[in-house]
Amino acid sequence: RVAMSIMQYNGSAVLAMKGKNCVGIASDLCFGVQGRMITTNFRKTFRMQEKLYLGLTGLATDVQTLHERLEFRLNMYKLREGREIKPSTFASVISNVLYAHRFGPYFVEPVVAGLDDTNTPFICGMDLIGAPVTPPDFVCAGSNTEALFGTCETMYRPDMEPEELFEVLSQCLLASIDRDALAGWGAVVTIITPEGSFTRTLKGRQD
Amino acid sequence: LLSMADGGYSFSLTTFSPSGKLVQIEYALNAVAAGSTSLAIRAVNGVVVATEKKLPSTLIDVASVQKIALMSENIGLVYSGMGPDFRVLVRKGRKLAQKYLRTYNEPIPMSQMVHGLAQIMQEYTQEGGVRPFGVSLLLAGVDDAGPSLYQVDPSGSYWEWKATAIGKHMINAKTFLEKRYNDDMELEDAVHTALLTLKEGFEGEMTEEGVEIGVVGPDRMFRVLTPAEVKDYLQEAEHQPNVCRDGLFSQTTTDVR
């Protein structure tokens with residue numbers, strides 16, 4: 001039994017990157033409890049709309065609950081407004097939801113990735129109480145962000161085409177989760193382009 | 001002894017008549033019909049709202065009276081009916097717009113604003129201890145869906161209009177608008193037409209002190225025109241012959257009253 005931060009109770013890793021007219025988002029597949037692996041098919045990225053994906057790291061129960069709550073909010077938005085939500089607007093909604101629980105927060109760190117209505121790439125990361133950051137290149141979240149930042153900083157370059165982006169995103173994520181005892185057991189990568197999106201599952205080190 | 005306000009009635013004061021009408025709403029509409037005329041016209045590139053400023057005494061400082069209100073940057077509204085009731089709705093509507101902005105970081109779309117206000121007005125026909133609002137609203141705004149104009153009634157019903165009028169001279173005004181309106185109208189034409197329409201029912205001489213005009217164009221910024229600007233438009237209208245866009249002379253409608 002190890003004393004650890006609540007954000008590290010179930011390990012996770014989520015990464016999002018901007019490319020040329022495309023974005024990518026990826027997560028590991030491990031669901032574990034304090035280092036003990038339970039399943040290896042626990043995705044932390046969710047399709048919210050055709051060109052809008054949400055990544056959630058942190059406490060697994062909150063990942064699940066927040067995903068459901070946000071899906072609810074999105075569905076209500078669509079019904080009321082009769083239109084799809086823009087990624088930046090969705091990020092504002094998440095920020096709002098998280099800050100509403102400022103003194104009893106959801107233990108998650110969300111990542112938003114998508115293309116807006118002009119197909120401009122958008123990525124955004126947030127802390128557990130909703131402080132957003134919209135960098136021009138990549139967003140990292142999870143139990144070993146130091147490793148993620150390291151690999152991204154080194155291997156990222158701007159204006160990558162979809163296949164290039166997939167390659168770089170995959171390599172960055174895999175290299176980082178190999179250094180993280182709590183995250184891993186494979187990864188799932190999604191690339192979103194104006195023509196559509198594709199998702200591929202990676203088999204990494206199975207430990 | 002508990003008064004109505006202290007006790008807090010939990011049952012609605014608006015009840016059905018045997019014929020299926022809500023008489024309180026009918027009476028509220030009468031209050032609207034007794035109010036000074038307001039009208040609005042939607043153009044291809046914006047919306048204009050205009051209203052009569054009929055004050056009971058010349059001693060009132062005209063400049064202090066504002067019938068057209070800003071709801072948010074891109075939405076404005078005008079009313080016919082009871083001024084104090086209007087102010088309550090403006091306050092609630094502004095809060096609604098800001099809440100939306102705080103949540104979505106986006107200006108509130110017209111459809112959402114209209115729906116929100118209509119919902120509030122409907123609640124006041126069904127909630128305990130309140131009466132319906134004695135106003136009809138004309139909302140004008142531009143959003144991602146383009147320029148739009150909506151009317152909201154005391155019942156909470158709403159319609160989208162190309163052009164409409166409410167208040168005392170609404171029947172004549174609407175007849176006039178029906179003849180004058182065309183789908184290709186631009187904002188400048190719309191302002192002129194709005195003034196001409198108001199003039200039809202105006203008792204006495206129409207000056208820039210007696211009317212209020214609000215416009216919202218492609219810049220999505222609603223604003224109320226200054227008296228000086230209104231004066232310019234009035235002078236143009238003065239010199240412009242009564243001609244429809246297709247070049248035929250129109251018949252001026254005779255005020256039945």
# chains A, B, ... in the order shown; residues from 1 in each chain; ligands from 1
>>> select_by_dssp(residues="segment 108-164 of chain A", states="strand (DSSP E or B)", output="list in words")
Val108, Glu109, Pro110, Val111, Val112, Ala113, Gly114, Leu115, Pro121, Phe122, Ile123, Cys124, Gly125, Met126, Pro132, Val133, Phe138, Val139, Cys140, Ala141 and Gly142 of chain A
>>> interface_residues(of="chain A", to="chain B", cutoff="10 Å", atoms="only C-alpha atoms", output="list in words")
Arg80, Glu81, Gly82, Ile85, Lys86, Ser88, Thr89, Phe90, Ala91, Ser92, Val93, Ile94, Ser95, Asn96 and Val97 of chain A
>>> write_last_selection(atoms="N, CA and C atoms", output="PDB file, in the first residue's frame")
ATOM      1  N   ARG A  80     -31.545  22.325 -27.615  1.00  0.00           N
ATOM      2  CA  ARG A  80     -32.010  23.704 -27.422  1.00  0.00           C
ATOM      3  C   ARG A  80     -31.607  24.590 -28.585  1.00  0.00           C
ATOM      4  N   GLU A  81     -30.342  24.477 -28.976  1.00  0.00           N
ATOM      5  CA  GLU A  81     -29.820  25.422 -29.961  1.00  0.00           C
ATOM      6  C   GLU A  81     -29.978  24.940 -31.393  1.00  0.00           C
ATOM      7  N   GLY A  82     -30.226  23.676 -31.562  1.00  0.00           N
ATOM      8  CA  GLY A  82     -30.384  23.132 -32.911  1.00  0.00           C
ATOM      9  C   GLY A  82     -29.105  23.179 -33.715  1.00  0.00           C
ATOM     10  N   ILE A  85     -21.912  22.032 -31.116  1.00  0.00           N
ATOM     11  CA  ILE A  85     -21.139  22.981 -30.311  1.00  0.00           C
ATOM     12  C   ILE A  85     -19.735  23.135 -30.875  1.00  0.00           C
ATOM     13  N   LYS A  86     -19.186  24.353 -30.769  1.00  0.00           N
ATOM     14  CA  LYS A  86     -17.812  24.583 -31.216  1.00  0.00           C
ATOM     15  C   LYS A  86     -16.868  24.069 -30.137  1.00  0.00           C
ATOM     16  N   SER A  88     -14.197  25.369 -28.822  1.00  0.00           N
ATOM     17  CA  SER A  88     -13.846  26.376 -27.818  1.00  0.00           C
ATOM     18  C   SER A  88     -15.006  26.621 -26.857  1.00  0.00           C
ATOM     19  N   THR A  89     -16.223  26.563 -27.371  1.00  0.00           N
ATOM     20  CA  THR A  89     -17.400  26.722 -26.522  1.00  0.00           C
ATOM     21  C   THR A  89     -17.517  25.550 -25.561  1.00  0.00           C
ATOM     22  N   PHE A  90     -17.254  24.343 -26.064  1.00  0.00           N
ATOM     23  CA  PHE A  90     -17.305  23.151 -25.218  1.00  0.00           C
ATOM     24  C   PHE A  90     -16.284  23.256 -24.096  1.00  0.00           C
ATOM     25  N   ALA A  91     -15.106  23.762 -24.436  1.00  0.00           N
ATOM     26  CA  ALA A  91     -14.073  23.947 -23.413  1.00  0.00           C
ATOM     27  C   ALA A  91     -14.570  24.901 -22.329  1.00  0.00           C
ATOM     28  N   SER A  92     -15.286  25.947 -22.736  1.00  0.00           N
ATOM     29  CA  SER A  92     -15.859  26.887 -21.754  1.00  0.00           C
ATOM     30  C   SER A  92     -16.874  26.199 -20.859  1.00  0.00           C
ATOM     31  N   VAL A  93     -17.667  25.301 -21.448  1.00  0.00           N
ATOM     32  CA  VAL A  93     -18.670  24.564 -20.663  1.00  0.00           C
ATOM     33  C   VAL A  93     -17.984  23.720 -19.603  1.00  0.00           C
ATOM     34  N   ILE A  94     -16.913  23.013 -20.016  1.00  0.00           N
ATOM     35  CA  ILE A  94     -16.192  22.141 -19.078  1.00  0.00           C
ATOM     36  C   ILE A  94     -15.613  22.975 -17.945  1.00  0.00           C
ATOM     37  N   SER A  95     -15.006  24.088 -18.308  1.00  0.00           N
ATOM     38  CA  SER A  95     -14.420  24.985 -17.309  1.00  0.00           C
ATOM     39  C   SER A  95     -15.464  25.415 -16.287  1.00  0.00           C
ATOM     40  N   ASN A  96     -16.642  25.747 -16.810  1.00  0.00           N
ATOM     41  CA  ASN A  96     -17.778  26.157 -15.988  1.00  0.00           C
ATOM     42  C   ASN A  96     -18.202  25.067 -15.016  1.00  0.00           C
ATOM     43  N   VAL A  97     -18.349  23.845 -15.539  1.00  0.00           N
ATOM     44  CA  VAL A  97     -18.771  22.699 -14.725  1.00  0.00           C
ATOM     45  C   VAL A  97     -17.762  22.446 -13.616  1.00  0.00           C
TER      46      VAL A  97
END
>>> residues_around(residues="Arg94 of chain B", least_positions_apart="2", cutoff="12 Å", atoms="only C-alpha atoms", output="number ranges by chain")
B: 69-77, 87-92, 96-101, 107-108, 113-114, 116-117
>>> select_by_dssp(residues="segment 24-135 of chain A", states="alpha helix (DSSP H)", output="PDB file with N, CA and C atoms, in the first residue's frame")
ATOM      1  N   ALA A  60     -10.591   7.524 -12.054  1.00  0.00           N
ATOM      2  CA  ALA A  60     -11.391   6.838 -13.073  1.00  0.00           C
ATOM      3  C   ALA A  60     -12.890   7.061 -12.906  1.00  0.00           C
ATOM      4  N   THR A  61     -13.358   7.056 -11.657  1.00  0.00           N
ATOM      5  CA  THR A  61     -14.794   7.239 -11.445  1.00  0.00           C
ATOM      6  C   THR A  61     -15.246   8.624 -11.906  1.00  0.00           C
ATOM      7  N   ASP A  62     -14.387   9.609 -11.664  1.00  0.00           N
ATOM      8  CA  ASP A  62     -14.706  10.967 -12.102  1.00  0.00           C
ATOM      9  C   ASP A  62     -14.591  11.103 -13.609  1.00  0.00           C
ATOM     10  N   VAL A  63     -13.652  10.358 -14.204  1.00  0.00           N
ATOM     11  CA  VAL A  63     -13.533  10.338 -15.668  1.00  0.00           C
ATOM     12  C   VAL A  63     -14.857   9.872 -16.265  1.00  0.00           C
ATOM     13  N   GLN A  64     -15.381   8.788 -15.712  1.00  0.00           N
ATOM     14  CA  GLN A  64     -16.637   8.233 -16.232  1.00  0.00           C
ATOM     15  C   GLN A  64     -17.801   9.191 -15.997  1.00  0.00           C
ATOM     16  N   THR A  65     -17.895   9.682 -14.751  1.00  0.00           N
ATOM     17  CA  THR A  65     -19.028  10.547 -14.401  1.00  0.00           C
ATOM     18  C   THR A  65     -19.005  11.851 -15.187  1.00  0.00           C
ATOM     19  N   LEU A  66     -17.832  12.448 -15.264  1.00  0.00           N
ATOM     20  CA  LEU A  66     -17.749  13.730 -15.972  1.00  0.00           C
ATOM     21  C   LEU A  66     -18.057  13.558 -17.454  1.00  0.00           C
ATOM     22  N   HIS A  67     -17.604  12.463 -18.024  1.00  0.00           N
ATOM     23  CA  HIS A  67     -17.927  12.188 -19.423  1.00  0.00           C
ATOM     24  C   HIS A  67     -19.442  12.136 -19.606  1.00  0.00           C
ATOM     25  N   GLU A  68     -20.117  11.436 -18.703  1.00  0.00           N
ATOM     26  CA  GLU A  68     -21.579  11.329 -18.794  1.00  0.00           C
ATOM     27  C   GLU A  68     -22.244  12.695 -18.624  1.00  0.00           C
ATOM     28  N   ARG A  69     -21.798  13.453 -17.640  1.00  0.00           N
ATOM     29  CA  ARG A  69     -22.380  14.782 -17.386  1.00  0.00           C
ATOM     30  C   ARG A  69     -22.212  15.703 -18.582  1.00  0.00           C
ATOM     31  N   LEU A  70     -21.013  15.648 -19.177  1.00  0.00           N
ATOM     32  CA  LEU A  70     -20.747  16.527 -20.317  1.00  0.00           C
ATOM     33  C   LEU A  70     -21.532  16.096 -21.544  1.00  0.00           C
ATOM     34  N   GLU A  71     -21.721  14.795 -21.679  1.00  0.00           N
ATOM     35  CA  GLU A  71     -22.543  14.298 -22.780  1.00  0.00           C
ATOM     36  C   GLU A  71     -23.973  14.807 -22.620  1.00  0.00           C
ATOM     37  N   PHE A  72     -24.457  14.786 -21.399  1.00  0.00           N
ATOM     38  CA  PHE A  72     -25.781  15.321 -21.063  1.00  0.00           C
ATOM     39  C   PHE A  72     -25.872  16.786 -21.458  1.00  0.00           C
ATOM     40  N   ARG A  73     -24.863  17.556 -21.042  1.00  0.00           N
ATOM     41  CA  ARG A  73     -24.866  18.990 -21.355  1.00  0.00           C
ATOM     42  C   ARG A  73     -24.869  19.229 -22.854  1.00  0.00           C
ATOM     43  N   LEU A  74     -24.058  18.408 -23.565  1.00  0.00           N
ATOM     44  CA  LEU A  74     -23.961  18.551 -25.017  1.00  0.00           C
ATOM     45  C   LEU A  74     -25.282  18.218 -25.695  1.00  0.00           C
ATOM     46  N   ASN A  75     -25.903  17.163 -25.265  1.00  0.00           N
ATOM     47  CA  ASN A  75     -27.192  16.770 -25.846  1.00  0.00           C
ATOM     48  C   ASN A  75     -28.236  17.857 -25.638  1.00  0.00           C
ATOM     49  N   MET A  76     -28.261  18.443 -24.430  1.00  0.00           N
ATOM     50  CA  MET A  76     -29.214  19.520 -24.159  1.00  0.00           C
ATOM     51  C   MET A  76     -28.918  20.728 -25.041  1.00  0.00           C
ATOM     52  N   TYR A  77     -27.642  21.012 -25.199  1.00  0.00           N
ATOM     53  CA  TYR A  77     -27.232  22.135 -26.060  1.00  0.00           C
ATOM     54  C   TYR A  77     -27.742  21.933 -27.477  1.00  0.00           C
ATOM     55  N   LYS A  78     -27.511  20.748 -28.001  1.00  0.00           N
ATOM     56  CA  LYS A  78     -27.937  20.420 -29.371  1.00  0.00           C
ATOM     57  C   LYS A  78     -29.437  20.543 -29.531  1.00  0.00           C
ATOM     58  N   LEU A  79     -30.182  20.066 -28.527  1.00  0.00           N
ATOM     59  CA  LEU A  79     -31.644  20.126 -28.608  1.00  0.00           C
ATOM     60  C   LEU A  79     -32.137  21.558 -28.536  1.00  0.00           C
ATOM     61  N   ARG A  80     -31.545  22.325 -27.615  1.00  0.00           N
ATOM     62  CA  ARG A  80     -32.010  23.704 -27.422  1.00  0.00           C
ATOM     63  C   ARG A  80     -31.607  24.590 -28.585  1.00  0.00           C
ATOM     64  N   GLU A  81     -30.342  24.477 -28.976  1.00  0.00           N
ATOM     65  CA  GLU A  81     -29.820  25.422 -29.961  1.00  0.00           C
ATOM     66  C   GLU A  81     -29.978  24.940 -31.393  1.00  0.00           C
ATOM     67  N   PRO A  87     -15.679  23.586 -30.527  1.00  0.00           N
ATOM     68  CA  PRO A  87     -14.736  23.080 -29.515  1.00  0.00           C
ATOM     69  C   PRO A  87     -14.414  24.109 -28.435  1.00  0.00           C
ATOM     70  N   SER A  88     -14.197  25.369 -28.822  1.00  0.00           N
ATOM     71  CA  SER A  88     -13.846  26.376 -27.818  1.00  0.00           C
ATOM     72  C   SER A  88     -15.006  26.621 -26.857  1.00  0.00           C
ATOM     73  N   THR A  89     -16.223  26.563 -27.371  1.00  0.00           N
ATOM     74  CA  THR A  89     -17.400  26.722 -26.522  1.00  0.00           C
ATOM     75  C   THR A  89     -17.517  25.550 -25.561  1.00  0.00           C
ATOM     76  N   PHE A  90     -17.254  24.343 -26.064  1.00  0.00           N
ATOM     77  CA  PHE A  90     -17.305  23.151 -25.218  1.00  0.00           C
ATOM     78  C   PHE A  90     -16.284  23.256 -24.096  1.00  0.00           C
ATOM     79  N   ALA A  91     -15.106  23.762 -24.436  1.00  0.00           N
ATOM     80  CA  ALA A  91     -14.073  23.947 -23.413  1.00  0.00           C
ATOM     81  C   ALA A  91     -14.570  24.901 -22.329  1.00  0.00           C
ATOM     82  N   SER A  92     -15.286  25.947 -22.736  1.00  0.00           N
ATOM     83  CA  SER A  92     -15.859  26.887 -21.754  1.00  0.00           C
ATOM     84  C   SER A  92     -16.874  26.199 -20.859  1.00  0.00           C
ATOM     85  N   VAL A  93     -17.667  25.301 -21.448  1.00  0.00           N
ATOM     86  CA  VAL A  93     -18.670  24.564 -20.663  1.00  0.00           C
ATOM     87  C   VAL A  93     -17.984  23.720 -19.603  1.00  0.00           C
ATOM     88  N   ILE A  94     -16.913  23.013 -20.016  1.00  0.00           N
ATOM     89  CA  ILE A  94     -16.192  22.141 -19.078  1.00  0.00           C
ATOM     90  C   ILE A  94     -15.613  22.975 -17.945  1.00  0.00           C
ATOM     91  N   SER A  95     -15.006  24.088 -18.308  1.00  0.00           N
ATOM     92  CA  SER A  95     -14.420  24.985 -17.309  1.00  0.00           C
ATOM     93  C   SER A  95     -15.464  25.415 -16.287  1.00  0.00           C
ATOM     94  N   ASN A  96     -16.642  25.747 -16.810  1.00  0.00           N
ATOM     95  CA  ASN A  96     -17.778  26.157 -15.988  1.00  0.00           C
ATOM     96  C   ASN A  96     -18.202  25.067 -15.016  1.00  0.00           C
ATOM     97  N   VAL A  97     -18.349  23.845 -15.539  1.00  0.00           N
ATOM     98  CA  VAL A  97     -18.771  22.699 -14.725  1.00  0.00           C
ATOM     99  C   VAL A  97     -17.762  22.446 -13.616  1.00  0.00           C
ATOM    100  N   LEU A  98     -16.467  22.474 -13.971  1.00  0.00           N
ATOM    101  CA  LEU A  98     -15.430  22.176 -12.985  1.00  0.00           C
ATOM    102  C   LEU A  98     -15.364  23.245 -11.893  1.00  0.00           C
ATOM    103  N   TYR A  99     -15.449  24.504 -12.276  1.00  0.00           N
ATOM    104  CA  TYR A  99     -15.352  25.559 -11.261  1.00  0.00           C
ATOM    105  C   TYR A  99     -16.557  25.586 -10.342  1.00  0.00           C
ATOM    106  N   ALA A 100     -17.690  25.099 -10.881  1.00  0.00           N
ATOM    107  CA  ALA A 100     -18.892  25.011 -10.042  1.00  0.00           C
ATOM    108  C   ALA A 100     -18.642  24.121  -8.832  1.00  0.00           C
TER     109      ALA A 100
END
>>> atom_distance(atom1="atom CA of Leu138 of chain B", atom2="atom CA of Ala163 of chain B")
10.2 Å
>>> atom_distance(atom1="atom CA of Ala118 of chain B", atom2="atom CA of Lys53 of chain B")
25.1 Å
>>> decode(residues="segment 41-74 of chain A", atoms="N, CA and C atoms", output="short mmCIF file (atom, residue, chain, number, x, y, z; two decimals), in the first residue's frame")
data_model
loop_
_atom_site.label_atom_id
_atom_site.label_comp_id
_atom_site.auth_asym_id
_atom_site.auth_seq_id
_atom_site.Cartn_x
_atom_site.Cartn_y
_atom_site.Cartn_z
N ASN A 41 -8.57 -2.16 -21.43
CA ASN A 41 -9.37 -1.59 -22.51
C ASN A 41 -10.11 -0.33 -22.04
N PHE A 42 -9.52 0.38 -21.11
CA PHE A 42 -10.17 1.56 -20.55
C PHE A 42 -9.69 2.82 -21.29
N ARG A 43 -10.47 3.21 -22.31
CA ARG A 43 -10.16 4.42 -23.09
C ARG A 43 -10.40 5.67 -22.28
N LYS A 44 -9.54 6.65 -22.46
CA LYS A 44 -9.78 7.93 -21.79
C LYS A 44 -10.08 9.04 -22.78
N THR A 45 -10.32 8.67 -24.03
CA THR A 45 -10.75 9.69 -25.01
C THR A 45 -12.15 9.33 -25.48
N PHE A 46 -12.98 10.34 -25.66
CA PHE A 46 -14.38 10.12 -26.00
C PHE A 46 -14.79 11.00 -27.16
N ARG A 47 -15.52 10.41 -28.08
CA ARG A 47 -16.05 11.17 -29.21
C ARG A 47 -17.30 11.91 -28.75
N MET A 48 -17.26 13.24 -28.78
CA MET A 48 -18.43 14.02 -28.37
C MET A 48 -19.24 14.45 -29.58
N GLN A 49 -18.54 14.75 -30.66
CA GLN A 49 -19.16 15.12 -31.93
C GLN A 49 -18.24 14.62 -33.02
N GLU A 50 -18.69 14.73 -34.27
CA GLU A 50 -17.86 14.18 -35.36
C GLU A 50 -16.44 14.72 -35.32
N LYS A 51 -16.30 16.04 -35.04
CA LYS A 51 -14.97 16.62 -35.04
C LYS A 51 -14.61 17.21 -33.68
N LEU A 52 -15.10 16.56 -32.63
CA LEU A 52 -14.80 17.04 -31.28
C LEU A 52 -14.59 15.87 -30.36
N TYR A 53 -13.39 15.79 -29.80
CA TYR A 53 -13.05 14.70 -28.89
C TYR A 53 -12.67 15.27 -27.53
N LEU A 54 -12.98 14.49 -26.50
CA LEU A 54 -12.67 14.87 -25.12
C LEU A 54 -11.76 13.82 -24.51
N GLY A 55 -10.69 14.28 -23.85
CA GLY A 55 -9.83 13.35 -23.12
C GLY A 55 -9.93 13.67 -21.65
N LEU A 56 -9.98 12.63 -20.80
CA LEU A 56 -10.08 12.86 -19.35
C LEU A 56 -9.11 11.98 -18.60
N THR A 57 -8.21 12.61 -17.81
CA THR A 57 -7.28 11.85 -16.98
C THR A 57 -7.66 12.07 -15.53
N GLY A 58 -7.10 11.24 -14.65
CA GLY A 58 -7.35 11.41 -13.22
C GLY A 58 -8.10 10.24 -12.64
N LEU A 59 -8.90 10.52 -11.62
CA LEU A 59 -9.63 9.46 -10.93
C LEU A 59 -10.67 8.85 -11.89
N ALA A 60 -10.59 7.52 -12.05
CA ALA A 60 -11.39 6.84 -13.07
C ALA A 60 -12.89 7.06 -12.91
N THR A 61 -13.36 7.06 -11.66
CA THR A 61 -14.79 7.24 -11.44
C THR A 61 -15.25 8.62 -11.91
N ASP A 62 -14.39 9.61 -11.66
CA ASP A 62 -14.71 10.97 -12.10
C ASP A 62 -14.59 11.10 -13.61
N VAL A 63 -13.65 10.36 -14.20
CA VAL A 63 -13.53 10.34 -15.67
C VAL A 63 -14.86 9.87 -16.26
N GLN A 64 -15.38 8.79 -15.71
CA GLN A 64 -16.64 8.23 -16.23
C GLN A 64 -17.80 9.19 -16.00
N THR A 65 -17.90 9.68 -14.75
CA THR A 65 -19.03 10.55 -14.40
C THR A 65 -19.00 11.85 -15.19
N LEU A 66 -17.83 12.45 -15.26
CA LEU A 66 -17.75 13.73 -15.97
C LEU A 66 -18.06 13.56 -17.45
N HIS A 67 -17.60 12.46 -18.02
CA HIS A 67 -17.93 12.19 -19.42
C HIS A 67 -19.44 12.14 -19.61
N GLU A 68 -20.12 11.44 -18.70
CA GLU A 68 -21.58 11.33 -18.79
C GLU A 68 -22.24 12.70 -18.62
N ARG A 69 -21.80 13.45 -17.64
CA ARG A 69 -22.38 14.78 -17.39
C ARG A 69 -22.21 15.70 -18.58
N LEU A 70 -21.01 15.65 -19.18
CA LEU A 70 -20.75 16.53 -20.32
C LEU A 70 -21.53 16.10 -21.54
N GLU A 71 -21.72 14.80 -21.68
CA GLU A 71 -22.54 14.30 -22.78
C GLU A 71 -23.97 14.81 -22.62
N PHE A 72 -24.46 14.79 -21.40
CA PHE A 72 -25.78 15.32 -21.06
C PHE A 72 -25.87 16.79 -21.46
N ARG A 73 -24.86 17.56 -21.04
CA ARG A 73 -24.87 18.99 -21.36
C ARG A 73 -24.87 19.23 -22.85
N LEU A 74 -24.06 18.41 -23.56
CA LEU A 74 -23.96 18.55 -25.02
C LEU A 74 -25.28 18.22 -25.70
#
